[in-house]
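Colleague: Dropping in work.cif, which is mmCIF, C-alpha atoms and all ligand atoms:
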data_upload
#
loop_
_atom_site.label_atom_id
_atom_site.label_comp_id
_atom_site.auth_asym_id
_atom_site.auth_seq_id
_atom_site.Cartn_x
_atom_site.Cartn_y
_atom_site.Cartn_z
CA MET A 9 15.38 -24.32 -9.15
CA SER A 10 12.09 -26.09 -8.85
CA THR A 11 12.05 -29.20 -6.68
CA ASN A 12 10.41 -31.05 -9.52
CA PHE A 13 13.71 -31.27 -11.22
CA HIS A 14 15.00 -33.51 -8.45
CA ARG A 15 11.84 -35.54 -8.37
CA ALA A 16 12.02 -35.93 -12.11
CA ALA A 17 15.61 -37.04 -11.85
CA HIS A 18 14.64 -39.63 -9.24
CA THR A 19 11.74 -41.03 -11.17
CA ARG A 20 13.73 -41.35 -14.33
CA PRO A 21 13.33 -44.92 -15.51
CA GLN A 22 16.28 -46.97 -14.33
CA THR A 23 16.09 -49.59 -17.02
CA HIS A 24 17.66 -47.67 -19.90
CA ARG A 25 21.34 -47.99 -19.13
CA ALA A 26 22.79 -47.96 -22.61
CA ASP A 27 20.69 -45.33 -24.22
CA ASP A 28 20.95 -42.00 -22.41
CA GLN A 29 20.99 -40.01 -25.63
CA ARG A 30 17.45 -41.21 -26.32
CA LEU A 31 15.95 -39.42 -23.33
CA ILE A 32 15.16 -35.71 -23.54
CA GLY A 33 13.56 -35.67 -20.12
CA VAL A 34 11.04 -37.13 -17.70
CA PHE A 35 8.46 -35.18 -15.75
CA ASP A 36 6.67 -36.85 -12.88
CA GLU A 37 5.36 -35.38 -9.63
CA ASN A 38 4.48 -38.73 -8.08
CA ARG A 39 0.79 -38.34 -8.84
CA ARG A 40 -0.32 -41.53 -10.61
CA GLY A 41 -1.96 -41.10 -13.98
CA PRO A 42 -1.37 -41.82 -17.66
CA LEU A 43 2.01 -42.53 -19.19
CA ILE A 44 2.58 -39.92 -21.90
CA ILE A 45 5.33 -40.52 -24.41
CA MET A 46 6.35 -37.69 -26.74
CA ILE A 47 8.78 -38.25 -29.61
CA GLY A 48 10.73 -35.71 -31.66
CA GLY A 49 13.01 -36.22 -34.66
CA ILE A 50 11.94 -39.68 -35.80
CA HIS A 51 12.91 -38.04 -39.10
CA GLY A 52 16.39 -36.65 -38.41
CA ASN A 53 15.95 -33.38 -40.30
CA GLU A 54 12.82 -32.45 -38.35
CA LYS A 55 14.32 -30.56 -35.42
CA ALA A 56 11.33 -28.49 -34.31
CA GLY A 57 9.85 -31.34 -32.25
CA LEU A 58 13.15 -31.94 -30.45
CA LYS A 59 13.55 -28.28 -29.55
CA ALA A 60 9.94 -28.11 -28.42
CA LEU A 61 10.30 -31.14 -26.14
CA GLU A 62 13.49 -29.78 -24.55
CA TYR A 63 11.63 -26.55 -23.89
CA LEU A 64 8.49 -28.32 -22.64
CA ILE A 65 10.41 -30.28 -19.98
CA LYS A 66 12.12 -27.06 -18.77
CA MET A 67 8.81 -25.21 -18.80
CA LEU A 68 7.16 -27.90 -16.64
CA GLU A 69 10.08 -27.87 -14.22
CA VAL A 70 9.70 -24.13 -13.48
CA GLU A 71 5.90 -23.95 -13.71
CA HIS A 72 5.48 -23.97 -9.91
CA ILE A 73 7.48 -20.73 -9.57
CA THR A 74 4.78 -18.71 -11.28
CA ASN A 75 1.81 -21.00 -10.73
CA GLU A 76 1.55 -22.50 -7.25
CA ALA A 77 -1.66 -24.35 -8.01
CA PHE A 78 -0.13 -26.24 -10.92
CA GLN A 79 -0.43 -30.01 -10.71
CA PHE A 80 0.78 -32.72 -13.03
CA THR A 81 -0.86 -36.14 -13.06
CA GLY A 82 0.95 -39.09 -14.62
CA ARG A 83 4.41 -39.34 -16.14
CA LEU A 84 5.73 -37.62 -19.25
CA ILE A 85 8.68 -39.13 -21.07
CA ALA A 86 10.16 -37.13 -23.96
CA ILE A 87 12.49 -38.99 -26.32
CA ARG A 88 14.61 -38.49 -29.43
CA GLY A 89 13.73 -40.50 -32.54
CA ASN A 90 16.39 -41.18 -35.19
CA ILE A 91 19.47 -39.98 -33.27
CA GLN A 92 21.99 -40.96 -35.94
CA ALA A 93 20.08 -39.13 -38.69
CA GLN A 94 19.65 -36.09 -36.41
CA LYS A 95 23.44 -35.82 -36.14
CA VAL A 96 23.75 -35.36 -39.91
CA ASN A 97 20.45 -33.46 -40.29
CA LYS A 98 18.96 -35.99 -42.73
CA ARG A 99 15.54 -37.59 -42.83
CA TYR A 100 17.31 -40.96 -42.49
CA ILE A 101 20.67 -42.68 -43.11
CA ASN A 102 19.69 -45.92 -44.92
CA ARG A 103 15.93 -46.15 -44.74
CA ASP A 104 12.97 -44.13 -43.45
CA LEU A 105 12.72 -45.19 -39.80
CA ASN A 106 9.07 -44.17 -39.67
CA ARG A 107 8.21 -46.85 -42.24
CA MET A 108 10.03 -49.64 -40.36
CA PHE A 109 7.81 -50.20 -37.33
CA ARG A 110 6.49 -53.54 -38.62
CA ASN A 111 6.54 -56.77 -36.67
CA ASP A 112 7.78 -58.84 -39.62
CA LEU A 113 10.71 -56.46 -40.13
CA LEU A 114 11.45 -56.26 -36.40
CA GLN A 115 11.64 -60.07 -36.16
CA THR A 116 14.21 -60.14 -38.97
CA VAL A 117 16.22 -57.27 -37.49
CA LEU A 118 16.34 -58.96 -34.08
CA THR A 119 18.07 -62.00 -35.58
CA LYS A 120 20.77 -59.92 -37.30
CA GLU A 121 24.19 -59.54 -35.75
CA GLU A 122 25.07 -56.44 -37.72
CA ARG A 123 22.38 -53.80 -37.94
CA THR A 124 22.09 -50.72 -40.12
CA ALA A 125 21.65 -47.27 -38.54
CA GLU A 126 17.86 -47.37 -38.65
CA GLU A 127 17.69 -51.02 -37.59
CA LYS A 128 19.57 -50.06 -34.42
CA GLU A 129 17.29 -47.08 -33.84
CA LEU A 130 14.20 -49.25 -34.35
CA VAL A 131 15.26 -51.84 -31.78
CA GLU A 132 16.38 -49.21 -29.26
CA ILE A 133 13.19 -47.14 -29.51
CA ILE A 134 10.91 -50.15 -29.09
CA ASP A 135 13.04 -51.33 -26.20
CA PHE A 136 12.93 -47.90 -24.61
CA ILE A 137 9.17 -47.61 -24.88
CA LYS A 138 8.57 -51.13 -23.57
CA ASN A 139 10.92 -50.50 -20.62
CA SER A 140 9.18 -47.21 -19.87
CA ILE A 141 5.82 -49.00 -19.78
CA ALA A 142 7.16 -51.82 -17.59
CA ASP A 143 8.70 -49.25 -15.26
CA TYR A 144 5.49 -47.25 -14.71
CA HIS A 145 2.70 -49.84 -15.11
CA PRO A 146 0.25 -47.24 -16.44
CA ASP A 147 -3.47 -47.83 -16.95
CA GLU A 148 -3.41 -45.65 -20.03
CA ILE A 149 -0.73 -44.72 -22.57
CA PHE A 150 -0.84 -41.67 -24.82
CA VAL A 151 1.74 -40.97 -27.51
CA LEU A 152 2.41 -37.75 -29.40
CA ASP A 153 4.85 -37.98 -32.32
CA LEU A 154 6.05 -34.56 -33.56
CA HIS A 155 6.92 -33.88 -37.21
CA THR A 156 7.44 -31.09 -39.75
CA THR A 157 6.97 -31.04 -43.54
CA THR A 158 8.97 -29.77 -46.52
CA ALA A 159 6.02 -27.73 -47.71
CA ALA A 160 4.69 -24.76 -45.79
CA GLY A 161 1.14 -23.73 -45.04
CA GLY A 162 -0.66 -26.07 -42.76
CA ILE A 163 -0.57 -28.03 -39.59
CA PHE A 164 -2.50 -31.22 -39.05
CA THR A 165 -2.87 -34.28 -36.90
CA ILE A 166 -2.77 -37.88 -38.11
CA ILE A 167 -4.60 -40.42 -35.98
CA ASN A 168 -5.11 -44.13 -35.77
CA ASP A 169 -8.61 -45.60 -35.74
CA SER A 170 -9.24 -45.27 -31.99
CA PRO A 171 -12.22 -42.99 -31.18
CA GLU A 172 -10.21 -41.50 -28.33
CA ALA A 173 -7.51 -40.36 -30.76
CA LEU A 174 -10.11 -38.46 -32.79
CA GLU A 175 -11.47 -36.78 -29.67
CA ILE A 176 -8.01 -35.71 -28.47
CA SER A 177 -6.99 -34.49 -31.93
CA LEU A 178 -10.07 -32.32 -32.30
CA ASP A 179 -9.21 -30.86 -28.91
CA LEU A 180 -5.72 -29.85 -30.12
CA LYS A 181 -7.29 -27.22 -32.40
CA ALA A 182 -5.50 -28.42 -35.53
CA PRO A 183 -7.07 -30.08 -38.60
CA VAL A 184 -7.42 -33.85 -38.20
CA ILE A 185 -6.83 -36.28 -41.08
CA GLU A 186 -8.31 -39.75 -40.74
CA GLY A 187 -7.28 -42.81 -42.67
CA PHE A 188 -3.71 -41.63 -43.24
CA LEU A 189 -2.29 -44.80 -41.75
CA ARG A 190 -4.03 -46.85 -44.44
CA GLY A 191 -2.00 -44.96 -47.07
CA ILE A 192 1.36 -45.82 -45.52
CA LYS A 193 2.88 -48.70 -43.54
CA GLY A 194 5.26 -49.11 -40.62
CA THR A 195 4.97 -45.80 -38.78
CA ILE A 196 5.44 -45.75 -35.03
CA LEU A 197 1.69 -45.06 -34.78
CA HIS A 198 1.03 -48.36 -36.54
CA TYR A 199 3.21 -50.19 -34.04
CA LEU A 200 1.88 -48.66 -30.84
CA ASN A 201 -1.30 -50.70 -30.38
CA ALA A 202 -2.69 -53.10 -27.80
CA ASP A 203 -1.18 -56.15 -29.54
CA ASN A 204 2.36 -54.84 -29.22
CA VAL A 205 2.30 -52.94 -25.93
CA HIS A 206 -0.35 -55.13 -24.26
CA GLN A 207 -2.64 -52.33 -23.27
CA ASN A 208 -4.70 -49.54 -24.68
CA CYS A 209 -2.48 -46.99 -26.41
CA THR A 210 -3.77 -43.84 -28.06
CA ALA A 211 -1.19 -42.46 -30.47
CA LEU A 212 -1.24 -39.47 -32.76
CA CYS A 213 1.16 -37.58 -34.93
CA PHE A 214 1.30 -33.79 -35.17
CA GLU A 215 2.68 -32.06 -38.28
CA ALA A 216 3.79 -28.60 -37.19
CA GLY A 217 4.56 -26.80 -40.46
CA GLN A 218 7.75 -26.27 -42.47
CA HIS A 219 11.04 -27.87 -41.25
CA GLU A 220 13.04 -24.63 -40.97
CA ASP A 221 10.25 -22.25 -39.89
CA PRO A 222 11.18 -21.16 -36.33
CA LEU A 223 7.46 -20.96 -35.51
CA SER A 224 7.15 -24.72 -36.09
CA VAL A 225 8.83 -25.05 -32.67
CA ASN A 226 6.14 -22.85 -31.08
CA ARG A 227 3.42 -24.89 -32.76
CA CYS A 228 4.96 -28.15 -31.48
CA ILE A 229 5.04 -26.67 -27.96
CA ALA A 230 1.42 -25.55 -28.28
CA ALA A 231 0.32 -28.99 -29.51
CA ALA A 232 2.24 -30.74 -26.72
CA VAL A 233 0.76 -28.48 -24.03
CA ASN A 234 -2.77 -28.91 -25.39
CA PHE A 235 -2.17 -32.66 -25.57
CA LEU A 236 -1.21 -32.74 -21.87
CA SER A 237 -4.52 -31.13 -21.00
CA SER A 238 -6.54 -33.33 -23.41
CA VAL A 239 -5.23 -36.52 -21.82
CA GLY A 240 -5.84 -35.19 -18.30
CA ALA A 241 -2.24 -34.70 -17.12
CA VAL A 242 -2.72 -30.96 -16.67
CA GLU A 243 -5.96 -29.15 -15.88
CA LYS A 244 -7.34 -26.96 -18.65
CA LEU A 245 -7.37 -23.90 -16.41
CA HIS A 246 -3.55 -24.01 -16.29
CA ILE A 247 -3.20 -23.86 -20.06
CA GLU A 248 -2.56 -20.38 -21.37
CA PRO A 249 -4.95 -19.40 -24.19
CA ARG A 250 -2.00 -18.51 -26.43
CA HIS A 251 -1.32 -22.22 -26.99
CA HIS A 252 -4.76 -22.64 -28.52
CA ARG A 253 -4.43 -19.38 -30.42
CA ILE A 254 -1.09 -20.29 -32.03
CA LEU A 255 -2.59 -23.40 -33.63
CA HIS A 256 -5.97 -21.92 -34.35
CA GLU A 257 -4.60 -18.91 -36.22
CA TYR A 258 -2.19 -20.94 -38.32
CA ALA A 259 -4.85 -23.44 -39.33
CA ALA A 260 -7.57 -20.88 -40.04
CA GLY A 261 -9.63 -21.78 -43.09
CA HIS A 262 -8.51 -25.42 -43.22
CA PRO A 263 -11.06 -28.21 -42.72
CA ILE A 264 -11.41 -29.39 -39.13
CA HIS A 265 -11.83 -33.02 -40.12
CA SER A 266 -10.85 -34.74 -43.36
CA ARG A 267 -9.85 -38.15 -44.62
CA LEU A 268 -7.16 -39.50 -46.89
CA ILE A 269 -8.38 -40.50 -50.35
CA TYR A 270 -5.14 -40.95 -52.33
CA THR A 271 -1.41 -41.56 -51.81
CA HIS A 272 1.21 -41.21 -54.54
CA LYS A 273 4.10 -43.59 -53.85
CA ILE A 274 7.58 -42.78 -55.12
CA VAL A 275 9.47 -45.77 -56.50
CA GLU A 276 13.24 -45.64 -56.33
CA GLY A 277 14.76 -44.32 -59.56
CA ASP A 278 11.57 -42.73 -60.91
CA GLN A 279 12.96 -39.17 -60.52
CA PHE A 280 9.82 -37.76 -58.95
CA ARG A 281 9.58 -33.95 -59.18
CA MET A 282 6.66 -32.08 -57.67
CA GLU A 283 5.42 -29.04 -59.61
CA PRO A 284 6.54 -25.95 -57.66
CA GLY A 285 4.40 -23.89 -55.30
CA PHE A 286 2.08 -26.39 -53.61
CA GLN A 287 1.34 -25.91 -49.92
CA ASN A 288 -0.46 -28.17 -47.47
CA PHE A 289 -4.25 -28.00 -47.96
CA ASP A 290 -4.09 -26.27 -51.34
CA PRO A 291 -7.24 -27.22 -53.29
CA ILE A 292 -6.56 -29.26 -56.44
CA HIS A 293 -8.90 -30.48 -59.13
CA GLU A 294 -9.13 -33.78 -61.03
CA ASN A 295 -6.57 -34.05 -63.86
CA GLN A 296 -4.52 -31.08 -62.60
CA LEU A 297 -0.77 -31.50 -63.26
CA LEU A 298 0.87 -32.14 -59.89
CA ALA A 299 4.27 -33.66 -60.64
CA ASN A 300 6.49 -35.40 -63.18
CA ASP A 301 8.59 -38.53 -63.13
CA ILE A 302 10.40 -40.86 -65.50
CA ASN A 303 7.03 -42.07 -66.87
CA GLY A 304 5.82 -38.54 -67.67
CA PRO A 305 3.37 -36.10 -66.12
CA ILE A 306 1.40 -37.06 -62.99
CA TYR A 307 -2.17 -35.71 -62.86
CA ALA A 308 -4.49 -35.54 -59.87
CA PRO A 309 -6.71 -38.65 -59.89
CA SER A 310 -9.42 -36.71 -58.05
CA THR A 311 -10.44 -33.35 -56.71
CA GLY A 312 -9.49 -32.58 -53.11
CA LEU A 313 -6.82 -30.91 -51.00
CA ILE A 314 -3.12 -31.69 -51.38
CA VAL A 315 -1.13 -32.61 -48.29
CA MET A 316 2.62 -33.13 -47.86
CA PRO A 317 3.76 -32.38 -51.41
CA HIS A 318 7.28 -33.80 -51.60
CA TYR A 319 10.02 -31.17 -52.00
CA GLN A 320 12.98 -33.06 -50.55
CA GLU A 321 15.45 -35.65 -51.76
CA GLN A 322 14.60 -38.44 -49.36
CA GLY A 323 11.24 -40.09 -48.78
CA GLU A 324 8.82 -42.55 -50.31
CA ASP A 325 5.62 -40.49 -50.59
CA GLY A 326 5.09 -37.98 -53.39
CA PHE A 327 1.90 -36.36 -52.17
CA PHE A 328 -1.39 -37.14 -50.47
CA ILE A 329 -4.93 -36.04 -51.37
CA VAL A 330 -7.53 -35.59 -48.65
CA GLU A 331 -11.22 -34.68 -48.72
CA PRO A 332 -13.07 -32.77 -45.99
CA LEU A 333 -15.63 -34.79 -44.03
CA SER A 334 -17.70 -31.71 -43.23
CA ASP A 335 -17.97 -28.07 -44.22
CA LYS A 336 -16.53 -26.97 -40.90
CA VAL A 337 -13.26 -25.08 -41.09
CA ILE A 338 -10.95 -23.81 -38.36
CA GLY A 339 -11.37 -20.19 -37.34
ZN ZN B 1 8.36 -36.50 -40.38
#
Step by step, read the file and then write its structure as structure tokens.
Modeller:
Amino acid sequence: MSTNFHRAAHTRPQTHRADDQRLIGVFDENRRGPLIIMIGGIHGNEKAGLKALEYLIKMLEVEHITNEAFQFTGRLIAIRGNIQAQKVNKRYINRDLNRMFRNDLLQTVLTKEERTAEEKELVEIIDFIKNSIADYHPDEIFVLDLHTTTAAGGIFTIINDSPEALEISLDLKAPVIEGFLRGIKGTILHYLNADNVHQNCTALCFEAGQHEDPLSVNRCIAAAVNFLSSVGAVEKLHIEPRHHRILHEYAAGHPIHSRLIYTHKIVEGDQFRMEPGFQNFDPIHENQLLANDINGPIYAPSTGLIVMPHYQEQGEDGFFIVEPLSDKVIG
């Protein structure tokens, strides 16, 4: 067994007594650098990210056996998102956890004696991240949040407004969508900013493809490995080209850089039903029939590309429309 395992075990943050289930693993070779936090399963039915992070930690632990020159700079902490929803393989129990990372909501939750499943998860995750930061005192923090979608056909990265996030995302070799966070509220990406964690924090979310597609795990691994090199934890020369290829091939033909132009919100009780057959990045035209609900047919308000068409029971977003920012496509 690689000695890193023992080092990793030693450097495991000591402050998280109550919440061992949260931690997938820590990797740290005592070379100071960025703190990298990777999260899987913030939606409980999205298991690919969890599997990928378990594999990534193991892969890092044995890397020295085949690659003596390998060096890791900084500390990687891989954590589980909505643990209670993961146990029942649902997106969430009471409420979408990845819409709850709001300071106003957190303040209310902190005053409650009895908390719902997601309220507990919210408090524990924020606590865990803050403890991890206090434990390491990093100069830089990078976060990668791994997801999958109900629809097939397309991987992409969602970023906040930091220029560094755009640079890193473009380096991952997956399409980047800007402005997504203006279409939704309360994701963990919204929360992880300088106001809340008191230092610069570059956070992005990677959508790896369809929930049940076994290759979504490979794409999460590829994105995570590329991310480690983009943020400077691992030198590029140690990254096998297959990790770039996996993402590049799957995203071929999709725009490198686009921005969100429309979000369709689902209101409880409106019986939203997407028209069948849409995949991520399918082109749509203005006035095309996209879905139906209790008020009748829903037509596209503009021409563009559809992203995350909603084919599951739980969730608040029906579909998103993006427009390419340039003619450049992947591949
Ligand atoms: Zn998700």
Colleague: Sort by chain and increasing residue number a table of all residues of chain A within 6 Å of ligand ZN 1 (chain B), each with its closest pair of atoms and their distance in Å to one decimal, counting only C-alpha atoms and all ligand atoms, and write it as CSV.
Modeller:
residue,atom,partner,partner_atom,distance
A:His51,CA,B:ZN1,ZN,5.0
A:His155,CA,B:ZN1,ZN,4.4
A:Thr156,CA,B:ZN1,ZN,5.5
Colleague: Using all atoms listed in the file, give me every residue within 12 Å of (3.9, -19.9, -37.1) in file coordinates, as an MDAnalysis selection string.
Modeller: chainID A and resid 56 160:163 216:230 251 253:260
Colleague: Determine, counting only C-alpha atoms, which protein, DNA and RNA residues have an atom within 8 Å of an atom of Leu84 in chain A; residues of the same chain fewer than 3 positions away are not included. Present the result as a PyMOL selection string.
Modeller: chain A and resi 34-36+43-46
Colleague: Write a file of the just-selected residues containing C-alpha atoms, as a PDB file, in the frame of the given file.
Modeller:
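Resulting contents of selection_2.pdb:
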ATOM      1  CA  VAL A  34      11.040 -37.130 -17.700  1.00  0.00           C
ATOM      2  CA  PHE A  35       8.460 -35.180 -15.750  1.00  0.00           C
ATOM      3  CA  ASP A  36       6.670 -36.850 -12.880  1.00  0.00           C
ATOM      4  CA  LEU A  43       2.010 -42.530 -19.190  1.00  0.00           C
ATOM      5  CA  ILE A  44       2.580 -39.920 -21.900  1.00  0.00           C
ATOM      6  CA  ILE A  45       5.330 -40.520 -24.410  1.00  0.00           C
ATOM      7  CA  MET A  46       6.350 -37.690 -26.740  1.00  0.00           C
TER       8      MET A  46
END
Colleague: Rank nothing, just name the residue among A:Ile87, A:Ile274, A:Val330, A:Met316 nearest to Thr157 in chain A, using only C-alpha atoms.
Modeller: A:Met316
Colleague: Can you work out which one of A:Gly33, A:Gly52, A:Gly261, A:Pro284 has the shortest atom-to-atom distance to Ile101 in chain A, counting all atoms listed in the file?
Modeller: A:Gly52
Colleague: For each of A:Lys193, A:His246, A:Arg267, A:His72, take the minimum atom-to-atom distance to Met108 in chain A, counting all atoms listed in the file, then give the residue where this is smallest.
Modeller: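 The closest residue to Met108 in chain A is A:Lys193.
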Colleague: Name the closest residue to Leu236 in chain A among the candidates A:Leu180, A:Ile73, A:Ala299, A:Leu31; distances are taken between atoms, counting all atoms listed in the file.
Modeller: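 Going through A:Leu180, A:Ile73, A:Ala299, A:Leu31 one by one, the smallest distance to Leu236 in chain A is for A:Leu180.
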Colleague: Kindly indicate which residue among A:Ile329, A:Asn90, A:Ile134, A:Leu197 lies nearest to Glu294 in chain A, using only C-alpha atoms for the distances.
Modeller: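 Answer, going by the shortest atom-to-atom distance: A:Ile329.
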Colleague: I need the residue nearest Thr311 in chain A from this list: A:Pro263, A:Gly194, A:Pro171, A:Pro332. Use all atoms listed in the file for the distance.
Modeller: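 Ranked by minimum distance to Thr311 in chain A, first place goes to A:Pro332.
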Colleague: For CA of Ser310 in chain A and CA of Gly191 in chain A, quote the distance in Å rounded to one decimal.
Modeller: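 For CA of Ser310 in chain A relative to CA of Gly191 in chain A, the distance reads 15.6 Å.
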Colleague: What residues have an atom no more than 7 Å from (3.9, -33.2, -14.2) in the file's own frame, counting all atoms listed in the file, and can you write them as an MDAnalysis selection string?
Modeller: chainID A and resid 35:37 68 79:84 241
Colleague: Please indicate the distance in Å from CA of Glu283 in chain A to CA of Asn53 in chain A, rounded to one decimal place.
Modeller: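 Atom-to-atom, CA of Glu283 in chain A to CA of Asn53 in chain A, that is 22.4 Å.
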Colleague: Between CA of Lys138 in chain A and CA of Tyr199 in chain A, what is the distance in Å, rounded to a tenth?
Modeller: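 Taking CA of Lys138 in chain A as the start and CA of Tyr199 in chain A as the end point, the length is 11.8 Å.
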Colleague: Give me, as a PDB file with C-alpha atoms, keeping the file's coordinate frame, all polymer residues having an atom no more than 8 Å from range 103-106 of chain A, counting all atoms listed in the file and skipping those fewer than 5 positions away in the same chain.
Modeller:
ATOM      1  CA  ILE A  50      11.940 -39.680 -35.800  1.00  0.00           C
ATOM      2  CA  HIS A  51      12.910 -38.040 -39.100  1.00  0.00           C
ATOM      3  CA  ASN A  90      16.390 -41.180 -35.190  1.00  0.00           C
ATOM      4  CA  GLU A 126      17.860 -47.370 -38.650  1.00  0.00           C
ATOM      5  CA  GLU A 127      17.690 -51.020 -37.590  1.00  0.00           C
ATOM      6  CA  GLU A 129      17.290 -47.080 -33.840  1.00  0.00           C
ATOM      7  CA  LEU A 130      14.200 -49.250 -34.350  1.00  0.00           C
ATOM      8  CA  GLY A 194       5.260 -49.110 -40.620  1.00  0.00           C
ATOM      9  CA  THR A 195       4.970 -45.800 -38.780  1.00  0.00           C
ATOM     10  CA  ILE A 196       5.440 -45.750 -35.030  1.00  0.00           C
ATOM     11  CA  GLY A 323      11.240 -40.090 -48.780  1.00  0.00           C
TER      12      GLY A 323
END
Colleague: I'd like the neighbourhood of Lys66 in chain A as a list of chain:residue names, where a residue qualifies if any of its atoms comes within 10 Å (using all atoms listed in the file), though same-chain residues fewer than 3 positions away should be ignored.
Modeller: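 Near neighbours after the sequence-gap exclusion: A:Ser10, A:Phe13, A:Gly33, A:Phe35, A:Ala60, A:Leu61, A:Glu62, A:Tyr63, A:Glu69, A:Val70, A:Glu71.
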Colleague: Find the residues near Cys213 in chain A: any atom within 9 Å, counting only C-alpha atoms, skip ones fewer than 5 places away on the same chain, and give them as a list in words.
Modeller: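 Once the adjacent positions are removed, what remains is Val151, Leu152, Asp153, Leu154, His155, Phe164, Thr165, Ile166, Ile167 and Leu197 of chain A.
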Colleague: Determine, counting all atoms listed in the file, which protein, DNA and RNA residues have an atom within 10 Å of an atom of Gly304 in chain A; residues of the same chain fewer than 3 positions away are not included. Present the result as an MDAnalysis selection string.
Modeller: chainID A and resid 278 280 299:301 307
Colleague: Can you report as AutoDock Vina command-line options the centre and edge lengths in Å, to one decimal, of an axis-aligned box around the listed atoms of range 319-336 of chain A padded with 6 Å on each side?
Modeller:
--center_x -1.3 --center_y -34.8 --center_z -47.1 --size_x 45.4 --size_y 27.6 --size_z 24.5
